[in-house]
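Student: Just dropping this structure here.
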Amino acid sequence: MSKECLKKDDVNLFVSALYYSINKSIGDVMGSGGMVLGRRASKEMIDFFREEGILKDDMSFDDIKELFVNKFGLSEDLKIENKEDSVIFYVIKPTLSKFLQKINEHNLKPYICPFIHLLSYLYEELNNHKFRLMLTDVQQEHDTVKLTFKKVYE
C-alpha cells in the first residue's frame, strides 16, 4: 500500500477545519471569554518560536512580513495601515481562507487564530508595548482579509 502525501490545499483545508471546530467549540462553551485563550495561545506560540530561533528581538515589520508570507506561507502578501487610534492589517490571499469564510458565515469570533493573535502580539512588541491591540473587526473583501485592531493604551 502506497502512502500519499497531503497536498498543500489538503493541509490548508484540514487546518481550516481544525481552527473552525476549535473556535466554534470555544464560542459555544466560553462565549467572549474565549479571547483570553487566543491571547494566551499566541504568547505560547511566540515562546515556542523564540526557543526555535525563528523569532528574534527587534524584528521590523518587514521581518514579520517575511515570516508570515514566505516562511509560514500564511498569505501571499501582508500590508499594514497604522492610524492614530487603530491598526489595520490587510492579509492578501490568506491560505486559511476557508476557515475565515466559515467563521464569517456563522458569525463567530476568531478566538483561536494564530495568524491574528500572533500578528497583533508581534506588532505590539515592535512598538515596545506602548499599546495593546484589540481586534474590533474582520472583513473579507474578495481575496483580502482586513483585520482592524483598536489601540488600547495602558
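Identifiers in this document derive from the order of the C-alpha cells: chains are assigned A, B, ..., residues are numbered from 1 separately in each chain, and ligands are numbered from 1 in order of occurrence.
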Taking only residues of range 24-110 of chain A that have an atom at most 12 Å from an atom of range 126-142 of chain A, what is each one's shortest atom pair and its distance in Å to one decimal, using only C-alpha atoms, in chain and number order, as JSON lines?
Tutor:
{"residue": "A:Met35", "atom": "CA", "partner": "A:Leu135", "partner_atom": "CA", "distance": 9.6}
{"residue": "A:Val36", "atom": "CA", "partner": "A:Met134", "partner_atom": "CA", "distance": 11.3}
{"residue": "A:Gly38", "atom": "CA", "partner": "A:Leu135", "partner_atom": "CA", "distance": 11.2}
{"residue": "A:Arg39", "atom": "CA", "partner": "A:Met134", "partner_atom": "CA", "distance": 10.1}
{"residue": "A:Leu55", "atom": "CA", "partner": "A:Leu126", "partner_atom": "CA", "distance": 11.9}
{"residue": "A:Lys56", "atom": "CA", "partner": "A:Leu126", "partner_atom": "CA", "distance": 11.0}
{"residue": "A:Asp57", "atom": "CA", "partner": "A:Leu126", "partner_atom": "CA", "distance": 8.9}
{"residue": "A:Asp58", "atom": "CA", "partner": "A:Leu126", "partner_atom": "CA", "distance": 6.8}
{"residue": "A:Met59", "atom": "CA", "partner": "A:Leu126", "partner_atom": "CA", "distance": 6.6}
{"residue": "A:Ser60", "atom": "CA", "partner": "A:Leu126", "partner_atom": "CA", "distance": 6.7}
{"residue": "A:Phe61", "atom": "CA", "partner": "A:Leu126", "partner_atom": "CA", "distance": 7.5}
{"residue": "A:Asp62", "atom": "CA", "partner": "A:Leu126", "partner_atom": "CA", "distance": 11.0}
{"residue": "A:Asp63", "atom": "CA", "partner": "A:Leu126", "partner_atom": "CA", "distance": 10.5}
{"residue": "A:Ile64", "atom": "CA", "partner": "A:Leu126", "partner_atom": "CA", "distance": 9.4}
{"residue": "A:Asn82", "atom": "CA", "partner": "A:Asn127", "partner_atom": "CA", "distance": 11.3}
{"residue": "A:Glu84", "atom": "CA", "partner": "A:Phe131", "partner_atom": "CA", "distance": 11.5}
{"residue": "A:Asp85", "atom": "CA", "partner": "A:Leu133", "partner_atom": "CA", "distance": 9.9}
{"residue": "A:Ser86", "atom": "CA", "partner": "A:Leu133", "partner_atom": "CA", "distance": 8.0}
{"residue": "A:Val87", "atom": "CA", "partner": "A:Leu133", "partner_atom": "CA", "distance": 7.9}
{"residue": "A:Ile88", "atom": "CA", "partner": "A:Asp137", "partner_atom": "CA", "distance": 9.4}
{"residue": "A:Phe89", "atom": "CA", "partner": "A:Val138", "partner_atom": "CA", "distance": 9.8}
{"residue": "A:Tyr90", "atom": "CA", "partner": "A:Gln140", "partner_atom": "CA", "distance": 9.7}
{"residue": "A:Val91", "atom": "CA", "partner": "A:Gln140", "partner_atom": "CA", "distance": 9.4}
{"residue": "A:Ile92", "atom": "CA", "partner": "A:His142", "partner_atom": "CA", "distance": 9.3}
{"residue": "A:Lys93", "atom": "CA", "partner": "A:His142", "partner_atom": "CA", "distance": 8.8}
{"residue": "A:Pro94", "atom": "CA", "partner": "A:Gln140", "partner_atom": "CA", "distance": 10.3}
{"residue": "A:Ser97", "atom": "CA", "partner": "A:Gln140", "partner_atom": "CA", "distance": 9.0}
{"residue": "A:Lys98", "atom": "CA", "partner": "A:Gln140", "partner_atom": "CA", "distance": 11.1}
{"residue": "A:Phe99", "atom": "CA", "partner": "A:Gln140", "partner_atom": "CA", "distance": 11.5}
{"residue": "A:Leu100", "atom": "CA", "partner": "A:Gln140", "partner_atom": "CA", "distance": 8.0}
{"residue": "A:Gln101", "atom": "CA", "partner": "A:Gln140", "partner_atom": "CA", "distance": 7.7}
{"residue": "A:Lys102", "atom": "CA", "partner": "A:Gln140", "partner_atom": "CA", "distance": 11.1}
{"residue": "A:Ile103", "atom": "CA", "partner": "A:Val138", "partner_atom": "CA", "distance": 10.0}
{"residue": "A:Asn104", "atom": "CA", "partner": "A:Gln139", "partner_atom": "CA", "distance": 8.1}
{"residue": "A:Glu105", "atom": "CA", "partner": "A:Gln140", "partner_atom": "CA", "distance": 10.7}
{"residue": "A:Asn107", "atom": "CA", "partner": "A:Val138", "partner_atom": "CA", "distance": 10.5}
{"residue": "A:Leu108", "atom": "CA", "partner": "A:Val138", "partner_atom": "CA", "distance": 10.4}
{"residue": "A:Lys109", "atom": "CA", "partner": "A:Val138", "partner_atom": "CA", "distance": 8.9}
{"residue": "A:Pro110", "atom": "CA", "partner": "A:Val138", "partner_atom": "CA", "distance": 8.9}
Student: Enumerate as a PyMOL selection string all residues of chain A assigned to strand (DSSP E or B) by DSSP on the backbone, naming them with the chain letters and numbers the document uses.
Tutor: chain A and resi 75-82+86-94+131-141+144-153
Student: With N, CA, C and O atoms kept, could you save the residues just selected as a short mmCIF file (atom, residue, chain, number, x, y, z; two decimals), in the first residue's frame?
Tutor:
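Output contents, as saved in again21.cif:
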data_model
loop_
_atom_site.label_atom_id
_atom_site.label_comp_id
_atom_site.auth_asym_id
_atom_site.auth_seq_id
_atom_site.Cartn_x
_atom_site.Cartn_y
_atom_site.Cartn_z
N SER A 75 -0.06 33.72 3.83
CA SER A 75 -0.74 34.58 2.85
C SER A 75 0.25 34.91 1.74
O SER A 75 1.45 34.68 1.88
N GLU A 76 -0.29 35.47 0.66
CA GLU A 76 0.60 35.87 -0.44
C GLU A 76 1.24 37.22 -0.20
O GLU A 76 2.29 37.52 -0.74
N ASP A 77 0.58 38.05 0.61
CA ASP A 77 1.15 39.35 0.94
C ASP A 77 0.51 39.85 2.22
O ASP A 77 -0.53 39.34 2.66
N LEU A 78 1.13 40.84 2.82
CA LEU A 78 0.66 41.42 4.07
C LEU A 78 0.99 42.90 4.05
O LEU A 78 2.13 43.28 3.81
N LYS A 79 -0.03 43.72 4.27
CA LYS A 79 0.18 45.17 4.30
C LYS A 79 -0.41 45.71 5.60
O LYS A 79 -1.28 45.09 6.20
N ILE A 80 0.07 46.87 5.98
CA ILE A 80 -0.37 47.46 7.23
C ILE A 80 -0.70 48.93 7.05
O ILE A 80 -0.07 49.62 6.25
N GLU A 81 -1.71 49.36 7.78
CA GLU A 81 -2.07 50.77 7.83
C GLU A 81 -2.11 51.16 9.30
O GLU A 81 -2.95 50.66 10.06
N ASN A 82 -1.20 52.02 9.70
CA ASN A 82 -1.10 52.45 11.09
C ASN A 82 -1.79 53.80 11.23
O ASN A 82 -1.33 54.79 10.67
N SER A 86 -5.89 53.15 15.63
CA SER A 86 -6.09 51.77 15.20
C SER A 86 -4.97 51.31 14.26
O SER A 86 -4.18 52.13 13.79
N VAL A 87 -4.94 50.02 14.05
CA VAL A 87 -4.01 49.41 13.11
C VAL A 87 -4.83 48.46 12.24
O VAL A 87 -5.66 47.70 12.76
N ILE A 88 -4.62 48.53 10.94
CA ILE A 88 -5.33 47.65 10.02
C ILE A 88 -4.31 46.82 9.26
O ILE A 88 -3.37 47.35 8.67
N PHE A 89 -4.48 45.50 9.34
CA PHE A 89 -3.65 44.58 8.57
C PHE A 89 -4.47 44.10 7.38
O PHE A 89 -5.63 43.71 7.54
N TYR A 90 -3.88 44.14 6.21
CA TYR A 90 -4.51 43.62 5.01
C TYR A 90 -3.79 42.31 4.65
O TYR A 90 -2.61 42.34 4.28
N VAL A 91 -4.48 41.21 4.82
CA VAL A 91 -3.92 39.90 4.55
C VAL A 91 -4.40 39.49 3.16
O VAL A 91 -5.58 39.21 2.96
N ILE A 92 -3.47 39.49 2.22
CA ILE A 92 -3.83 39.25 0.83
C ILE A 92 -3.68 37.77 0.50
O ILE A 92 -2.62 37.19 0.71
N LYS A 93 -4.77 37.20 0.03
CA LYS A 93 -4.85 35.78 -0.33
C LYS A 93 -4.37 34.87 0.80
O LYS A 93 -3.39 34.15 0.67
N PRO A 94 -5.08 34.89 1.94
CA PRO A 94 -4.68 34.03 3.04
C PRO A 94 -4.87 32.55 2.68
O PRO A 94 -5.81 32.19 1.98
N PHE A 131 1.09 50.08 23.49
CA PHE A 131 -0.35 49.85 23.46
C PHE A 131 -0.58 48.36 23.25
O PHE A 131 0.32 47.63 22.86
N ARG A 132 -1.81 47.95 23.52
CA ARG A 132 -2.26 46.59 23.18
C ARG A 132 -3.20 46.73 22.01
O ARG A 132 -3.87 47.76 21.85
N LEU A 133 -3.28 45.72 21.20
CA LEU A 133 -4.21 45.73 20.08
C LEU A 133 -5.41 44.85 20.41
O LEU A 133 -5.24 43.70 20.83
N MET A 134 -6.59 45.43 20.25
CA MET A 134 -7.82 44.69 20.49
C MET A 134 -8.55 44.55 19.15
O MET A 134 -8.88 45.55 18.50
N LEU A 135 -8.78 43.32 18.74
CA LEU A 135 -9.46 43.06 17.47
C LEU A 135 -10.88 43.60 17.52
O LEU A 135 -11.64 43.29 18.43
N THR A 136 -11.22 44.46 16.55
CA THR A 136 -12.56 45.03 16.52
C THR A 136 -13.37 44.60 15.30
O THR A 136 -14.58 44.66 15.32
N ASP A 137 -12.68 44.19 14.23
CA ASP A 137 -13.42 43.84 13.02
C ASP A 137 -12.58 42.94 12.11
O ASP A 137 -11.37 43.11 12.01
N VAL A 138 -13.26 42.00 11.49
CA VAL A 138 -12.66 41.13 10.47
C VAL A 138 -13.58 41.19 9.27
O VAL A 138 -14.77 40.87 9.38
N GLN A 139 -13.06 41.63 8.15
CA GLN A 139 -13.86 41.71 6.92
C GLN A 139 -13.11 41.03 5.79
O GLN A 139 -11.91 41.22 5.64
N GLN A 140 -13.86 40.24 5.03
CA GLN A 140 -13.27 39.62 3.86
C GLN A 140 -13.77 40.36 2.63
O GLN A 140 -14.98 40.48 2.43
N GLU A 141 -12.84 40.89 1.86
CA GLU A 141 -13.17 41.62 0.65
C GLU A 141 -12.43 40.97 -0.51
O GLU A 141 -11.22 41.14 -0.64
N THR A 144 -8.85 39.46 -0.05
CA THR A 144 -8.13 40.12 1.04
C THR A 144 -8.97 40.11 2.31
O THR A 144 -10.17 40.35 2.27
N VAL A 145 -8.31 39.82 3.42
CA VAL A 145 -8.96 39.90 4.73
C VAL A 145 -8.41 41.13 5.43
O VAL A 145 -7.20 41.32 5.52
N LYS A 146 -9.33 41.95 5.88
CA LYS A 146 -8.97 43.20 6.56
C LYS A 146 -9.20 42.99 8.06
O LYS A 146 -10.31 42.74 8.50
N LEU A 147 -8.11 43.06 8.82
CA LEU A 147 -8.15 42.89 10.27
C LEU A 147 -7.95 44.26 10.92
O LEU A 147 -6.90 44.87 10.77
N THR A 148 -8.96 44.73 11.62
CA THR A 148 -8.88 46.05 12.25
C THR A 148 -8.74 45.87 13.76
O THR A 148 -9.51 45.14 14.38
N PHE A 149 -7.74 46.53 14.31
CA PHE A 149 -7.46 46.49 15.73
C PHE A 149 -7.52 47.90 16.30
O PHE A 149 -7.01 48.83 15.70
N LYS A 150 -8.10 48.03 17.47
CA LYS A 150 -8.10 49.28 18.21
C LYS A 150 -6.86 49.30 19.10
O LYS A 150 -6.51 48.29 19.72
N LYS A 151 -6.18 50.44 19.14
CA LYS A 151 -5.04 50.60 20.03
C LYS A 151 -5.58 50.92 21.44
O LYS A 151 -6.37 51.86 21.60
N VAL A 152 -5.16 50.15 22.40
CA VAL A 152 -5.57 50.36 23.79
C VAL A 152 -4.32 50.71 24.58
O VAL A 152 -3.41 49.88 24.71
N TYR A 153 -4.29 51.95 25.06
CA TYR A 153 -3.14 52.42 25.83
C TYR A 153 -3.36 52.12 27.30
O TYR A 153 -4.45 52.32 27.82
#
Student: Of the residues A:Cys113, A:Leu37, A:Leu119, A:Ile54, which is the one nearest to Lys71 in chain A, using only C-alpha atoms?
Tutor: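 Distance minimum relative to Lys71 in chain A lands on A:Ile54.
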Student: Using DSSP on the backbone, list every residue of chain A that comes out as alpha helix (DSSP H), and give them as a compact mmCIF listing (two decimals) with N, CA and C atoms, in the first residue's frame.
Tutor:
# COMPACT_ATOMS: atom_id res chain seq x y z
N LYS A 8 -0.72 20.69 -0.40
CA LYS A 8 -0.83 21.94 0.36
C LYS A 8 -2.29 22.34 0.55
N ASP A 9 -3.12 22.22 -0.50
CA ASP A 9 -4.53 22.59 -0.38
C ASP A 9 -5.25 21.68 0.61
N ASP A 10 -4.88 20.40 0.65
CA ASP A 10 -5.48 19.47 1.60
C ASP A 10 -5.10 19.83 3.03
N VAL A 11 -3.84 20.18 3.22
CA VAL A 11 -3.37 20.59 4.55
C VAL A 11 -4.09 21.86 4.98
N ASN A 12 -4.22 22.83 4.08
CA ASN A 12 -4.93 24.07 4.41
C ASN A 12 -6.38 23.80 4.77
N LEU A 13 -7.02 22.88 4.07
CA LEU A 13 -8.41 22.53 4.37
C LEU A 13 -8.49 21.86 5.74
N PHE A 14 -7.55 20.95 6.02
CA PHE A 14 -7.53 20.27 7.32
C PHE A 14 -7.32 21.28 8.45
N VAL A 15 -6.35 22.17 8.30
CA VAL A 15 -6.07 23.18 9.33
C VAL A 15 -7.26 24.13 9.47
N SER A 16 -7.90 24.49 8.36
CA SER A 16 -9.10 25.34 8.42
C SER A 16 -10.19 24.65 9.22
N ALA A 17 -10.41 23.36 8.97
CA ALA A 17 -11.43 22.60 9.71
C ALA A 17 -11.07 22.53 11.19
N LEU A 18 -9.80 22.33 11.48
CA LEU A 18 -9.35 22.27 12.87
C LEU A 18 -9.62 23.59 13.58
N TYR A 19 -9.19 24.70 12.99
CA TYR A 19 -9.39 26.00 13.62
C TYR A 19 -10.88 26.36 13.72
N TYR A 20 -11.63 26.02 12.70
CA TYR A 20 -13.08 26.30 12.76
C TYR A 20 -13.71 25.55 13.93
N SER A 21 -13.42 24.26 14.04
CA SER A 21 -14.05 23.45 15.10
C SER A 21 -13.61 23.91 16.49
N ILE A 22 -12.36 24.30 16.63
CA ILE A 22 -11.88 24.80 17.93
C ILE A 22 -12.59 26.11 18.28
N ASN A 23 -12.68 27.02 17.33
CA ASN A 23 -13.33 28.31 17.58
C ASN A 23 -14.81 28.16 17.85
N LYS A 24 -15.47 27.30 17.12
CA LYS A 24 -16.90 27.05 17.33
C LYS A 24 -17.13 26.49 18.73
N SER A 25 -16.29 25.54 19.12
CA SER A 25 -16.41 24.92 20.45
C SER A 25 -16.16 25.95 21.56
N ILE A 26 -15.14 26.76 21.40
CA ILE A 26 -14.84 27.78 22.41
C ILE A 26 -16.00 28.76 22.52
N GLY A 27 -16.52 29.19 21.38
CA GLY A 27 -17.66 30.11 21.39
C GLY A 27 -18.87 29.51 22.08
N ASP A 28 -19.15 28.23 21.81
CA ASP A 28 -20.30 27.56 22.41
C ASP A 28 -20.13 27.38 23.92
N VAL A 29 -18.91 27.10 24.35
CA VAL A 29 -18.67 26.79 25.76
C VAL A 29 -18.34 28.04 26.58
N MET A 30 -17.49 28.92 26.05
CA MET A 30 -16.99 30.05 26.84
C MET A 30 -17.51 31.41 26.44
N MET A 35 -11.57 34.88 24.13
CA MET A 35 -10.49 35.73 23.60
C MET A 35 -9.23 35.60 24.46
N VAL A 36 -9.41 35.37 25.76
CA VAL A 36 -8.26 35.19 26.65
C VAL A 36 -7.43 34.00 26.18
N LEU A 37 -8.09 32.94 25.73
CA LEU A 37 -7.37 31.76 25.23
C LEU A 37 -6.55 32.10 24.00
N GLY A 38 -7.11 32.90 23.11
CA GLY A 38 -6.39 33.28 21.90
C GLY A 38 -5.12 34.05 22.21
N ARG A 39 -5.21 35.00 23.12
CA ARG A 39 -4.04 35.78 23.52
C ARG A 39 -3.00 34.88 24.17
N ARG A 40 -3.46 33.98 25.03
CA ARG A 40 -2.53 33.09 25.71
C ARG A 40 -1.86 32.13 24.71
N ALA A 41 -2.63 31.62 23.77
CA ALA A 41 -2.07 30.71 22.76
C ALA A 41 -1.02 31.43 21.93
N SER A 42 -1.26 32.69 21.57
CA SER A 42 -0.26 33.43 20.79
C SER A 42 1.01 33.65 21.60
N LYS A 43 0.85 33.89 22.90
CA LYS A 43 2.04 34.05 23.75
C LYS A 43 2.84 32.75 23.77
N GLU A 44 2.16 31.62 23.88
CA GLU A 44 2.85 30.33 23.88
C GLU A 44 3.53 30.07 22.54
N MET A 45 2.88 30.47 21.44
CA MET A 45 3.48 30.32 20.12
C MET A 45 4.75 31.16 20.01
N ILE A 46 4.69 32.37 20.52
CA ILE A 46 5.86 33.25 20.47
C ILE A 46 7.00 32.64 21.27
N ASP A 47 6.71 32.14 22.47
CA ASP A 47 7.75 31.49 23.27
C ASP A 47 8.34 30.30 22.51
N PHE A 48 7.49 29.51 21.88
CA PHE A 48 7.93 28.35 21.10
C PHE A 48 8.85 28.79 19.95
N PHE A 49 8.40 29.79 19.19
CA PHE A 49 9.18 30.27 18.05
C PHE A 49 10.51 30.91 18.49
N ARG A 50 10.51 31.56 19.64
CA ARG A 50 11.76 32.12 20.17
C ARG A 50 12.74 30.99 20.53
N GLU A 51 12.22 29.96 21.19
CA GLU A 51 13.07 28.82 21.55
C GLU A 51 13.64 28.14 20.31
N PHE A 61 8.82 45.35 10.76
CA PHE A 61 7.61 44.86 10.10
C PHE A 61 7.97 44.01 8.90
N ASP A 62 9.03 44.37 8.18
CA ASP A 62 9.46 43.56 7.03
C ASP A 62 9.88 42.16 7.46
N ASP A 63 10.50 42.04 8.65
CA ASP A 63 10.86 40.72 9.18
C ASP A 63 9.61 39.90 9.48
N ILE A 64 8.62 40.55 10.08
CA ILE A 64 7.36 39.88 10.41
C ILE A 64 6.66 39.44 9.13
N LYS A 65 6.62 40.33 8.16
CA LYS A 65 6.01 40.01 6.86
C LYS A 65 6.72 38.82 6.22
N SER A 97 -8.18 30.67 4.03
CA SER A 97 -9.37 31.45 3.67
C SER A 97 -10.66 30.69 3.97
N LYS A 98 -10.65 29.38 3.87
CA LYS A 98 -11.86 28.59 4.16
C LYS A 98 -12.26 28.74 5.63
N PHE A 99 -11.27 28.74 6.51
CA PHE A 99 -11.53 28.96 7.94
C PHE A 99 -12.16 30.33 8.16
N LEU A 100 -11.56 31.36 7.56
CA LEU A 100 -12.09 32.72 7.72
C LEU A 100 -13.48 32.85 7.12
N GLN A 101 -13.69 32.21 5.99
CA GLN A 101 -15.01 32.24 5.35
C GLN A 101 -16.06 31.60 6.26
N LYS A 102 -15.73 30.47 6.85
CA LYS A 102 -16.69 29.75 7.71
C LYS A 102 -17.02 30.53 8.98
N ILE A 103 -16.00 31.13 9.61
CA ILE A 103 -16.33 31.86 10.83
C ILE A 103 -17.16 33.10 10.51
N ASN A 104 -16.92 33.71 9.35
CA ASN A 104 -17.75 34.85 8.94
C ASN A 104 -19.17 34.41 8.63
N GLU A 105 -19.33 33.30 7.92
CA GLU A 105 -20.66 32.77 7.58
C GLU A 105 -21.48 32.50 8.83
N PRO A 114 -4.13 31.73 15.19
CA PRO A 114 -2.73 32.09 15.41
C PRO A 114 -2.28 33.25 14.53
N PHE A 115 -2.80 33.33 13.34
CA PHE A 115 -2.41 34.41 12.45
C PHE A 115 -2.74 35.76 13.08
N ILE A 116 -3.97 35.91 13.50
CA ILE A 116 -4.43 37.19 14.03
C ILE A 116 -3.72 37.55 15.32
N HIS A 117 -3.71 36.64 16.27
CA HIS A 117 -3.14 36.95 17.58
C HIS A 117 -1.62 37.08 17.53
N LEU A 118 -0.97 36.23 16.77
CA LEU A 118 0.48 36.31 16.66
C LEU A 118 0.89 37.62 15.98
N LEU A 119 0.17 37.98 14.93
CA LEU A 119 0.45 39.23 14.23
C LEU A 119 0.27 40.43 15.15
N SER A 120 -0.82 40.45 15.91
CA SER A 120 -1.06 41.59 16.80
C SER A 120 -0.02 41.65 17.92
N TYR A 121 0.33 40.50 18.46
CA TYR A 121 1.33 40.49 19.53
C TYR A 121 2.68 40.96 19.03
N LEU A 122 3.09 40.48 17.87
CA LEU A 122 4.38 40.91 17.31
C LEU A 122 4.39 42.40 17.00
N TYR A 123 3.24 42.92 16.53
CA TYR A 123 3.17 44.35 16.25
C TYR A 123 3.23 45.17 17.54
N GLU A 124 2.60 44.68 18.59
CA GLU A 124 2.70 45.34 19.89
C GLU A 124 4.16 45.37 20.35
N GLU A 125 4.83 44.24 20.19
CA GLU A 125 6.24 44.15 20.57
C GLU A 125 7.10 45.09 19.74
N LEU A 126 6.81 45.16 18.45
CA LEU A 126 7.54 46.05 17.54
C LEU A 126 7.43 47.50 18.01
